[in-house]
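Before any comments, here is the structure.
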Amino acid sequence: AFSALLEDLGQSGLLDETLVSCVGEFGRTPKINPADGRDHWPYCYSGVLAGGGVRGGTVFGASDKNAAWVKDDPVTPGDYLATVCQACGLDPAQEIRDLSGRPFKICEGEPISAILG
């Protein structure tokens, strides 16, 4: 479904102006558990951004050989969100206010400039 969506957006000319994000909340343990399954593993997982200002075909970061731990270029959830904001034309450090008038940043991460076009 994901690849079909990207293909359809590309063929219709909408991929350049549409940001598609796919990320889970956990990876899976690098070892099989006693029930022949894999448990949640929050230390290393993947996310995909496509279209909307993201440089296509770019891979950023790497895990160790077991996909257990981040080896190169770790990214926090805040960094991922900051990248989404930047690609959508929002300054992730912009201060906004909640309903009580308290100021806060849109997010605390830093955009991953290496993947932005």
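Ordering of the structure tokens sets the chain letters (A, B, ...), residue numbers begin anew at 1 in every chain, and ligands are numbered from 1 in the order given.
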Return as JSON lines the residues of range 68-110 of chain A lying at most 10 Å from range 21-40 of chain A, together with the closest atom-to-atom pair for each and the distance in Å to one decimal, counting only C-alpha atoms, with rows in chain order and ascending residue number.
```
{"residue": "A:Ala68", "atom": "CA", "partner": "A:Pro30", "partner_atom": "CA", "distance": 5.5}
{"residue": "A:Trp69", "atom": "CA", "partner": "A:Pro30", "partner_atom": "CA", "distance": 9.3}
{"residue": "A:Pro77", "atom": "CA", "partner": "A:Glu25", "partner_atom": "CA", "distance": 9.4}
{"residue": "A:Tyr80", "atom": "CA", "partner": "A:Val23", "partner_atom": "CA", "distance": 9.5}
{"residue": "A:Val84", "atom": "CA", "partner": "A:Ser21", "partner_atom": "CA", "distance": 8.2}
```
Distance query range 9-16 of chain A at most 10 Å, only C-alpha atoms, self and fewer than 4 positions along chain excluded, as a PyMOL selection string: chain A and resi 3-5+20+50-54
Grab the residues selected above and save them as a PDB file, in the first residue's frame with N, CA and C atoms.
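So the final result, stored in part_6.pdb, reads:
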```pdb
ATOM      1  N   SER A   3       4.020   1.695  -1.137  1.00  0.00           N
ATOM      2  CA  SER A   3       4.659   1.912  -2.440  1.00  0.00           C
ATOM      3  C   SER A   3       3.627   2.317  -3.491  1.00  0.00           C
ATOM      4  N   ALA A   4       2.417   1.769  -3.419  1.00  0.00           N
ATOM      5  CA  ALA A   4       1.367   2.146  -4.370  1.00  0.00           C
ATOM      6  C   ALA A   4       0.967   3.608  -4.174  1.00  0.00           C
ATOM      7  N   LEU A   5       0.899   4.053  -2.923  1.00  0.00           N
ATOM      8  CA  LEU A   5       0.583   5.453  -2.647  1.00  0.00           C
ATOM      9  C   LEU A   5       1.657   6.363  -3.245  1.00  0.00           C
ATOM     10  N   VAL A  20       4.833  12.311   2.864  1.00  0.00           N
ATOM     11  CA  VAL A  20       4.310  11.043   3.372  1.00  0.00           C
ATOM     12  C   VAL A  20       5.261  10.549   4.456  1.00  0.00           C
ATOM     13  N   ALA A  50       8.848  10.573   2.547  1.00  0.00           N
ATOM     14  CA  ALA A  50       8.913  10.610   1.084  1.00  0.00           C
ATOM     15  C   ALA A  50       8.161  11.825   0.569  1.00  0.00           C
ATOM     16  N   GLY A  51       8.630  12.351  -0.560  1.00  0.00           N
ATOM     17  CA  GLY A  51       7.972  13.483  -1.188  1.00  0.00           C
ATOM     18  C   GLY A  51       8.191  14.764  -0.412  1.00  0.00           C
ATOM     19  N   GLY A  52       7.371  15.768  -0.689  1.00  0.00           N
ATOM     20  CA  GLY A  52       7.293  17.006   0.072  1.00  0.00           C
ATOM     21  C   GLY A  52       8.592  17.640   0.524  1.00  0.00           C
ATOM     22  N   GLY A  53       9.596  17.677  -0.313  1.00  0.00           N
ATOM     23  CA  GLY A  53      10.838  18.333   0.057  1.00  0.00           C
ATOM     24  C   GLY A  53      11.912  17.424   0.609  1.00  0.00           C
ATOM     25  N   VAL A  54      11.637  16.133   0.675  1.00  0.00           N
ATOM     26  CA  VAL A  54      12.635  15.171   1.154  1.00  0.00           C
ATOM     27  C   VAL A  54      13.412  14.644  -0.049  1.00  0.00           C
TER      28      VAL A  54
END
```
Contacts of Val70 in chain A within 10 Å, only C-alpha atoms, excl. fewer than 3 positions in-chain, as a VMD selection string: chain A and resid 43 to 45 61 to 65 67 73 to 75
Limited to N, CA, C and O atoms, could you put the picked residues into a file as an mmCIF file, in the first residue's frame?
```cif
data_model
loop_
_atom_site.group_PDB
_atom_site.id
_atom_site.type_symbol
_atom_site.label_atom_id
_atom_site.label_comp_id
_atom_site.auth_asym_id
_atom_site.auth_seq_id
_atom_site.Cartn_x
_atom_site.Cartn_y
_atom_site.Cartn_z
ATOM 1 N N TYR A 43 14.925 0.822 21.272
ATOM 2 C CA TYR A 43 16.263 1.377 21.108
ATOM 3 C C TYR A 43 16.688 1.583 19.652
ATOM 4 O O TYR A 43 17.652 2.278 19.389
ATOM 5 N N CYS A 44 15.983 0.955 18.732
ATOM 6 C CA CYS A 44 16.368 1.082 17.326
ATOM 7 C C CYS A 44 15.166 0.733 16.457
ATOM 8 O O CYS A 44 14.682 -0.389 16.482
ATOM 9 N N TYR A 45 14.683 1.719 15.707
ATOM 10 C CA TYR A 45 13.568 1.474 14.797
ATOM 11 C C TYR A 45 13.682 2.406 13.605
ATOM 12 O O TYR A 45 14.523 3.292 13.577
ATOM 13 N N GLY A 61 21.423 7.433 8.861
ATOM 14 C CA GLY A 61 21.588 6.627 10.068
ATOM 15 C C GLY A 61 21.779 5.158 9.748
ATOM 16 O O GLY A 61 21.551 4.705 8.625
ATOM 17 N N ALA A 62 22.225 4.432 10.751
ATOM 18 C CA ALA A 62 22.441 2.991 10.582
ATOM 19 C C ALA A 62 22.408 2.311 11.945
ATOM 20 O O ALA A 62 22.716 2.920 12.963
ATOM 21 N N SER A 63 22.033 1.054 11.916
ATOM 22 C CA SER A 63 22.055 0.252 13.137
ATOM 23 C C SER A 63 23.279 -0.661 13.113
ATOM 24 O O SER A 63 23.970 -0.778 12.099
ATOM 25 N N ASP A 64 23.504 -1.329 14.229
ATOM 26 C CA ASP A 64 24.565 -2.331 14.257
ATOM 27 C C ASP A 64 24.125 -3.537 13.426
ATOM 28 O O ASP A 64 23.020 -3.556 12.880
ATOM 29 N N LYS A 65 24.978 -4.543 13.311
ATOM 30 C CA LYS A 65 24.682 -5.685 12.430
ATOM 31 C C LYS A 65 23.463 -6.489 12.868
ATOM 32 O O LYS A 65 22.894 -7.227 12.070
ATOM 33 N N ALA A 67 20.690 -4.964 14.187
ATOM 34 C CA ALA A 67 19.580 -4.009 14.252
ATOM 35 C C ALA A 67 19.102 -3.818 15.689
ATOM 36 O O ALA A 67 17.930 -3.582 15.951
ATOM 37 N N ASP A 73 24.552 8.213 13.341
ATOM 38 C CA ASP A 73 23.575 9.296 13.177
ATOM 39 C C ASP A 73 22.228 9.016 13.863
ATOM 40 O O ASP A 73 21.191 8.915 13.202
ATOM 41 N N PRO A 74 22.214 8.935 15.183
ATOM 42 C CA PRO A 74 20.938 8.712 15.879
ATOM 43 C C PRO A 74 19.977 9.880 15.658
ATOM 44 O O PRO A 74 20.394 11.028 15.523
ATOM 45 N N VAL A 75 18.702 9.564 15.604
ATOM 46 C CA VAL A 75 17.636 10.544 15.416
ATOM 47 C C VAL A 75 16.619 10.350 16.530
ATOM 48 O O VAL A 75 16.181 9.232 16.779
#
```
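Using only C-alpha atoms, the smallest distance between any of A:Ile115, A:Leu99, A:Val59, A:Cys107 and Thr76 in chain A comes from A:Cys107.
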DSSP-assigned strand (DSSP E or B) among chain A, expressed as a count of residues only: 27
Distance criterion (only C-alpha atoms): nearest to Ile112 in chain A out of A:Asp79, A:Asp8, A:Glu95, A:Glu17: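 Result for the nearest residue to Ile112 in chain A: A:Asp79.
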Please identify the alpha helix (DSSP H) residues within range 7-91 of chain A (assignment by DSSP from backbone atoms) and present them as a PDB file with all heavy atoms, in the first residue's frame.
```pdb
ATOM      1  N   GLU A   7       3.712   5.698  -5.675  1.00  0.00           N
ATOM      2  CA  GLU A   7       3.642   5.609  -7.134  1.00  0.00           C
ATOM      3  C   GLU A   7       2.492   6.461  -7.676  1.00  0.00           C
ATOM      4  O   GLU A   7       2.666   7.217  -8.634  1.00  0.00           O
ATOM      5  CB  GLU A   7       3.473   4.153  -7.573  1.00  0.00           C
ATOM      6  CG  GLU A   7       3.550   3.967  -9.060  1.00  0.00           C
ATOM      7  CD  GLU A   7       3.508   2.493  -9.456  1.00  0.00           C
ATOM      8  OE1 GLU A   7       3.924   1.640  -8.653  1.00  0.00           O
ATOM      9  OE2 GLU A   7       3.064   2.230 -10.589  1.00  0.00           O
ATOM     10  N   ASP A   8       1.327   6.365  -7.044  1.00  0.00           N
ATOM     11  CA  ASP A   8       0.175   7.164  -7.479  1.00  0.00           C
ATOM     12  C   ASP A   8       0.451   8.661  -7.344  1.00  0.00           C
ATOM     13  O   ASP A   8       0.130   9.438  -8.239  1.00  0.00           O
ATOM     14  CB  ASP A   8      -1.079   6.807  -6.675  1.00  0.00           C
ATOM     15  CG  ASP A   8      -1.684   5.470  -7.059  1.00  0.00           C
ATOM     16  OD1 ASP A   8      -1.244   4.877  -8.064  1.00  0.00           O
ATOM     17  OD2 ASP A   8      -2.590   5.016  -6.339  1.00  0.00           O
ATOM     18  N   LEU A   9       1.041   9.061  -6.226  1.00  0.00           N
ATOM     19  CA  LEU A   9       1.363  10.474  -6.028  1.00  0.00           C
ATOM     20  C   LEU A   9       2.383  10.949  -7.062  1.00  0.00           C
ATOM     21  O   LEU A   9       2.287  12.066  -7.574  1.00  0.00           O
ATOM     22  CB  LEU A   9       1.885  10.720  -4.611  1.00  0.00           C
ATOM     23  CG  LEU A   9       0.845  10.639  -3.490  1.00  0.00           C
ATOM     24  CD1 LEU A   9       1.538  10.634  -2.125  1.00  0.00           C
ATOM     25  CD2 LEU A   9      -0.147  11.779  -3.587  1.00  0.00           C
ATOM     26  N   GLY A  10       3.365  10.096  -7.349  1.00  0.00           N
ATOM     27  CA  GLY A  10       4.366  10.444  -8.357  1.00  0.00           C
ATOM     28  C   GLY A  10       3.767  10.591  -9.738  1.00  0.00           C
ATOM     29  O   GLY A  10       4.065  11.549 -10.462  1.00  0.00           O
ATOM     30  N   GLN A  11       2.908   9.655 -10.112  1.00  0.00           N
ATOM     31  CA  GLN A  11       2.295   9.694 -11.444  1.00  0.00           C
ATOM     32  C   GLN A  11       1.343  10.871 -11.610  1.00  0.00           C
ATOM     33  O   GLN A  11       1.198  11.422 -12.696  1.00  0.00           O
ATOM     34  CB  GLN A  11       1.565   8.383 -11.732  1.00  0.00           C
ATOM     35  CG  GLN A  11       2.500   7.228 -11.970  1.00  0.00           C
ATOM     36  CD  GLN A  11       1.774   5.902 -12.143  1.00  0.00           C
ATOM     37  OE1 GLN A  11       0.570   5.797 -11.955  1.00  0.00           O
ATOM     38  NE2 GLN A  11       2.530   4.867 -12.495  1.00  0.00           N
ATOM     39  N   SER A  12       0.700  11.279 -10.526  1.00  0.00           N
ATOM     40  CA  SER A  12      -0.247  12.397 -10.613  1.00  0.00           C
ATOM     41  C   SER A  12       0.443  13.750 -10.448  1.00  0.00           C
ATOM     42  O   SER A  12      -0.203  14.790 -10.567  1.00  0.00           O
ATOM     43  CB  SER A  12      -1.334  12.245  -9.546  1.00  0.00           C
ATOM     44  OG  SER A  12      -0.767  12.420  -8.248  1.00  0.00           O
ATOM     45  N   PRO A  77      12.768  11.170  18.303  1.00  0.00           N
ATOM     46  CA  PRO A  77      11.430  11.494  17.787  1.00  0.00           C
ATOM     47  C   PRO A  77      11.261  12.998  17.548  1.00  0.00           C
ATOM     48  O   PRO A  77      10.618  13.408  16.580  1.00  0.00           O
ATOM     49  CB  PRO A  77      10.498  10.984  18.883  1.00  0.00           C
ATOM     50  CG  PRO A  77      11.251   9.830  19.490  1.00  0.00           C
ATOM     51  CD  PRO A  77      12.696  10.298  19.490  1.00  0.00           C
ATOM     52  N   GLY A  78      11.865  13.823  18.392  1.00  0.00           N
ATOM     53  CA  GLY A  78      11.810  15.272  18.195  1.00  0.00           C
ATOM     54  C   GLY A  78      12.494  15.708  16.915  1.00  0.00           C
ATOM     55  O   GLY A  78      12.027  16.627  16.218  1.00  0.00           O
ATOM     56  N   ASP A  79      13.619  15.064  16.579  1.00  0.00           N
ATOM     57  CA  ASP A  79      14.314  15.366  15.324  1.00  0.00           C
ATOM     58  C   ASP A  79      13.442  14.991  14.125  1.00  0.00           C
ATOM     59  O   ASP A  79      13.388  15.715  13.135  1.00  0.00           O
ATOM     60  CB  ASP A  79      15.641  14.614  15.227  1.00  0.00           C
ATOM     61  CG  ASP A  79      16.652  15.007  16.280  1.00  0.00           C
ATOM     62  OD1 ASP A  79      16.575  16.132  16.813  1.00  0.00           O
ATOM     63  OD2 ASP A  79      17.536  14.173  16.571  1.00  0.00           O
ATOM     64  N   TYR A  80      12.780  13.856  14.219  1.00  0.00           N
ATOM     65  CA  TYR A  80      11.892  13.408  13.133  1.00  0.00           C
ATOM     66  C   TYR A  80      10.771  14.421  12.944  1.00  0.00           C
ATOM     67  O   TYR A  80      10.485  14.857  11.826  1.00  0.00           O
ATOM     68  CB  TYR A  80      11.342  12.013  13.474  1.00  0.00           C
ATOM     69  CG  TYR A  80      10.622  11.328  12.339  1.00  0.00           C
ATOM     70  CD1 TYR A  80      11.309  10.547  11.427  1.00  0.00           C
ATOM     71  CD2 TYR A  80       9.250  11.460  12.183  1.00  0.00           C
ATOM     72  CE1 TYR A  80      10.650   9.909  10.385  1.00  0.00           C
ATOM     73  CE2 TYR A  80       8.579  10.835  11.150  1.00  0.00           C
ATOM     74  CZ  TYR A  80       9.283  10.053  10.249  1.00  0.00           C
ATOM     75  OH  TYR A  80       8.626   9.426   9.220  1.00  0.00           O
ATOM     76  N   LEU A  81      10.143  14.844  14.055  1.00  0.00           N
ATOM     77  CA  LEU A  81       9.062  15.821  13.979  1.00  0.00           C
ATOM     78  C   LEU A  81       9.567  17.157  13.452  1.00  0.00           C
ATOM     79  O   LEU A  81       8.898  17.803  12.636  1.00  0.00           O
ATOM     80  CB  LEU A  81       8.404  16.004  15.340  1.00  0.00           C
ATOM     81  CG  LEU A  81       7.297  17.060  15.408  1.00  0.00           C
ATOM     82  CD1 LEU A  81       6.180  16.764  14.409  1.00  0.00           C
ATOM     83  CD2 LEU A  81       6.751  17.159  16.822  1.00  0.00           C
ATOM     84  N   ALA A  82      10.748  17.585  13.888  1.00  0.00           N
ATOM     85  CA  ALA A  82      11.316  18.842  13.392  1.00  0.00           C
ATOM     86  C   ALA A  82      11.555  18.771  11.884  1.00  0.00           C
ATOM     87  O   ALA A  82      11.360  19.764  11.171  1.00  0.00           O
ATOM     88  CB  ALA A  82      12.618  19.159  14.126  1.00  0.00           C
ATOM     89  N   THR A  83      11.941  17.625  11.396  1.00  0.00           N
ATOM     90  CA  THR A  83      12.154  17.429   9.957  1.00  0.00           C
ATOM     91  C   THR A  83      10.830  17.524   9.213  1.00  0.00           C
ATOM     92  O   THR A  83      10.749  18.160   8.157  1.00  0.00           O
ATOM     93  CB  THR A  83      12.842  16.074   9.693  1.00  0.00           C
ATOM     94  OG1 THR A  83      14.033  16.006  10.478  1.00  0.00           O
ATOM     95  CG2 THR A  83      13.177  15.895   8.225  1.00  0.00           C
ATOM     96  N   VAL A  84       9.790  16.908   9.760  1.00  0.00           N
ATOM     97  CA  VAL A  84       8.455  17.002   9.160  1.00  0.00           C
ATOM     98  C   VAL A  84       8.009  18.464   9.132  1.00  0.00           C
ATOM     99  O   VAL A  84       7.525  18.960   8.107  1.00  0.00           O
ATOM    100  CB  VAL A  84       7.440  16.124   9.930  1.00  0.00           C
ATOM    101  CG1 VAL A  84       6.011  16.424   9.500  1.00  0.00           C
ATOM    102  CG2 VAL A  84       7.754  14.645   9.734  1.00  0.00           C
ATOM    103  N   CYS A  85       8.183  19.167  10.243  1.00  0.00           N
ATOM    104  CA  CYS A  85       7.801  20.583  10.301  1.00  0.00           C
ATOM    105  C   CYS A  85       8.544  21.388   9.241  1.00  0.00           C
ATOM    106  O   CYS A  85       7.935  22.163   8.503  1.00  0.00           O
ATOM    107  CB  CYS A  85       8.091  21.167  11.686  1.00  0.00           C
ATOM    108  SG  CYS A  85       6.996  20.585  12.974  1.00  0.00           S
ATOM    109  N   GLN A  86       9.853  21.214   9.177  1.00  0.00           N
ATOM    110  CA  GLN A  86      10.677  21.960   8.215  1.00  0.00           C
ATOM    111  C   GLN A  86      10.221  21.674   6.783  1.00  0.00           C
ATOM    112  O   GLN A  86      10.090  22.593   5.981  1.00  0.00           O
ATOM    113  CB  GLN A  86      12.141  21.572   8.383  1.00  0.00           C
ATOM    114  CG  GLN A  86      13.097  22.340   7.523  1.00  0.00           C
ATOM    115  CD  GLN A  86      13.644  23.553   8.224  1.00  0.00           C
ATOM    116  OE1 GLN A  86      13.561  23.656   9.444  1.00  0.00           O
ATOM    117  NE2 GLN A  86      14.191  24.460   7.476  1.00  0.00           N
ATOM    118  N   ALA A  87       9.968  20.408   6.474  1.00  0.00           N
ATOM    119  CA  ALA A  87       9.525  20.039   5.121  1.00  0.00           C
ATOM    120  C   ALA A  87       8.171  20.657   4.794  1.00  0.00           C
ATOM    121  O   ALA A  87       7.882  20.935   3.629  1.00  0.00           O
ATOM    122  CB  ALA A  87       9.473  18.510   4.988  1.00  0.00           C
TER     123      ALA A  87
END
```
Between CA of Glu108 in chain A and CA of Gly56 in chain A, distance in Å (one decimal):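 Between CA of Glu108 in chain A and CA of Gly56 in chain A the gap works out to 25.2 Å.
Here CA of Ala93 in chain A stands at a distance of 5.2 Å from CA of Lys105 in chain A.
You will find CA of Gly117 in chain A at 12.0 Å from CA of Leu49 in chain A.
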